[in-house]
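Peer 1: First the structure, then my questions, so here it is.
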Amino acid sequence: MNTLNAFQLNAKLRELHDFSIQTRRHLHQIPELSGQEHKTTQFCQDLMREVGYQITTYPGFTGFIADLEINPDARRVAFRADMDALAMDDLTDNAYSSTHAGCAHNCGHDTHMTIALTAARYLALHREELKHNVRFVFQMAEEDMRVPGADKMVELGCMDGVDEVYALHNDASRECGTVLINAGVMSSYGSAWTLEVQGISAHGSTPEKGLDAIRETARIVMDFDYIVAKKTSPFSPAVFGCGMFHGGTIPNAVADHAQARGTIRAMDANTDQILKNSFDGIVKESTLRGFVTSMDYCGYPAVINHQDAYQRVVSAAKAIIPAELLQADCKPMTGSEDFSLMVNAAREQRGAMFFLGSGNSSKGINNYLHANPYFVDDDFMLVGAQIFIHLATH
């Protein structure tokens, strides 16, 4: 049975099915890391120019925008497609596996770009259906907080004149075409932190002459678990994680330096601020103990779906997918997304993000983001394109 028969898809869009599959498979073969999406950018720009989009580039950066305007007085609706891949080997082992060693689209950004490119092609070929001016934002560096991504693109003007903005993220653990969305917080406030502790080295036989950076760093990490347990409300979830810890150079010496790295996540702005303010207190306490301690962090605010934009996505989903595949009150994800910066930059902060199922249990496709190997059901891309088209034509 054809998976697509379960969905209300425009017959003219179905004609782009092969285009979507070929496009995705090409993009899957050329994954590139955050900020290095040169081949990807060129490929996407060529396809957008081919059907008449006006391209705006940002010298020195790989991100770009593509505009199709029907009326300068009409509203402008934007769609975000992230372009970067992950530093992982591609274990799919098929004819269109990654040709770039150590890099793979295991988060499915190849499908996000393909959905945008397919919707964009349809809209350019059928401009008479458009109710709004449209902009496609091809964003660099979504995966790595340390590399300029949505923040830089917003700074450079990608959201200028945008009335509302939308994005989706595939989820291969959900059945093809499943839409998950809610009104309000859709993703967490999230930050990546780096802790540096400088102590004093000493021989292991005379530890009293040194300041043990490893022990101090471990103490700080333990204190953060305490902050989440005792300083934040049990009714407002918060997560602290330490995923990296390095220190010392030889086994018989007091370590004079240690570094730890991890993340914090919260579901509301107040809790996010409590966690960040705690950085300052911990650093001051460590300094009083004689260490030279610093803690830096970078991150994103939460994606907060605007009520009107949320309702527009729900209406589009209802027109396209079976009722049982719509979850319009899903739980927020504890991951974070720099798409929040685009929503916040839109007029009246009108924007929404949703998840779209890209799995298919009958085909054995049921894996989580960043899994390896990472598979999707290619049919889901036409469903995503149809939702974007609906938002641009209604």
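Chains: A, B, ... in order of the structure tokens. Residues: from 1 per chain. Ligands: from 1, in order shown.
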Which residues are close to A:Val154, i.e. within 10 Å by only C-alpha atoms, leaving aside same-chain residues fewer than 2 positions away? Reply as a ChimeraX atom specification.
Peer 2: /A:149-152,156-160,341-342,344-346
Peer 1: Give me the residues within 12 Å of A:Pro59 as a compact mmCIF listing (two decimals) with C-alpha atoms, in the first residue's frame, counting only C-alpha atoms and dropping any in the same chain fewer than 3 places off.
Peer 2:
# COMPACT_ATOMS: atom_id res chain seq x y z
CA THR A 56 20.06 37.10 -0.64
CA THR A 62 26.75 29.94 4.33
CA GLY A 63 23.14 30.78 5.24
CA PHE A 64 20.88 32.55 2.75
CA LYS A 152 23.82 35.68 13.11
CA MET A 153 21.20 35.31 10.39
CA LEU A 156 22.04 40.11 9.30
Peer 1: If you run DSSP on this backbone, which residues of stretch 16-252 of chain A come out as strand (DSSP E), and could you give them as an MDAnalysis selection string?
Peer 2: chainID A and resid 54:57 64:68 76:82 133:139 164:175 179:180 184:185 189:198 202:203 238:247
Peer 1: Do a neighbour search on A:Asn94 at 12 Å with only C-alpha atoms, toss out local chain neighbours closer than 6 positions, and write the hits as number ranges by chain.
Peer 2: A: 25, 28-29, 373-375
Peer 1: For the residues in that selection, give me C-alpha atoms as a PDB file, in the first residue's frame.
Peer 2:
ATOM      1  CA  ARG A  25      19.403  11.610  -1.599  1.00  0.00           C
ATOM      2  CA  HIS A  28      22.357  13.089   2.092  1.00  0.00           C
ATOM      3  CA  GLN A  29      25.537  12.360   0.157  1.00  0.00           C
ATOM      4  CA  PRO A 373      22.260   4.447  11.223  1.00  0.00           C
ATOM      5  CA  TYR A 374      19.489   6.998  10.690  1.00  0.00           C
ATOM      6  CA  PHE A 375      16.619   6.166   8.346  1.00  0.00           C
TER       7      PHE A 375
END
Peer 1: Set the distance at 9 Å and use only C-alpha atoms: which residues neighbour A:Met267 once local chain neighbours fewer than 2 positions away are removed? I'd like the list as number ranges by chain.
Peer 2: A: 185, 187-190, 236-238, 265, 269-272, 302, 332, 334
Peer 1: Out of stretch 81-208 of chain A, which residues get alpha helix (DSSP H) from DSSP, as a list of chain:residue names?
Peer 2: A:His109, A:Asp110, A:Thr111, A:His112, A:Met113, A:Thr114, A:Ile115, A:Ala116, A:Leu117, A:Thr118, A:Ala119, A:Ala120, A:Arg121, A:Tyr122, A:Leu123, A:Ala124, A:Leu125, A:Ala150, A:Asp151, A:Lys152, A:Met153, A:Val154, A:Glu155
Peer 1: With only C-alpha atoms as the basis for distance, which of A:Gly384, A:Gly199, A:Gly247, A:Gly184 is at the shortest distance from A:Ser286?
Peer 2: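 Ranked by minimum distance to A:Ser286, first place goes to A:Gly199.
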Peer 1: A:Leu9, A:Val77, A:Ala192, A:Leu125: which is nearest A:Val239, counting only C-alpha atoms?
Peer 2: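 Comparing A:Leu9, A:Val77, A:Ala192, A:Leu125 against A:Val239, the winner is A:Ala192.
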Peer 1: Give me the residues within 6 Å of A:Asn305 as a VMD selection string, counting only C-alpha atoms and dropping any in the same chain fewer than 5 places off.
Peer 2: chain A and resid 183 to 184 310 351 to 352
Peer 1: What does the file look like for those residues with N, CA, C and O atoms, as a PDB file, in the first residue's frame?
Peer 2:
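That gives us out-v2.pdb:
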ATOM      1  N   ALA A 183       0.400  24.733  21.839  1.00  0.00           N
ATOM      2  CA  ALA A 183       0.388  26.184  21.943  1.00  0.00           C
ATOM      3  C   ALA A 183       1.257  26.566  23.134  1.00  0.00           C
ATOM      4  O   ALA A 183       1.129  26.000  24.211  1.00  0.00           O
ATOM      5  N   GLY A 184       2.159  27.494  22.952  1.00  0.00           N
ATOM      6  CA  GLY A 184       3.050  27.889  24.030  1.00  0.00           C
ATOM      7  C   GLY A 184       4.412  27.258  23.877  1.00  0.00           C
ATOM      8  O   GLY A 184       4.906  27.078  22.756  1.00  0.00           O
ATOM      9  N   TYR A 310       0.191  28.717  15.812  1.00  0.00           N
ATOM     10  CA  TYR A 310      -0.137  27.351  16.225  1.00  0.00           C
ATOM     11  C   TYR A 310      -1.441  26.899  15.581  1.00  0.00           C
ATOM     12  O   TYR A 310      -1.532  25.783  15.033  1.00  0.00           O
ATOM     13  N   GLY A 351       5.000  32.843  15.198  1.00  0.00           N
ATOM     14  CA  GLY A 351       5.724  31.730  14.625  1.00  0.00           C
ATOM     15  C   GLY A 351       5.381  30.446  15.345  1.00  0.00           C
ATOM     16  O   GLY A 351       4.818  30.469  16.451  1.00  0.00           O
ATOM     17  N   ALA A 352       5.710  29.337  14.727  1.00  0.00           N
ATOM     18  CA  ALA A 352       5.431  28.043  15.353  1.00  0.00           C
ATOM     19  C   ALA A 352       6.343  26.983  14.762  1.00  0.00           C
ATOM     20  O   ALA A 352       6.723  27.039  13.589  1.00  0.00           O
TER      21      ALA A 352
END
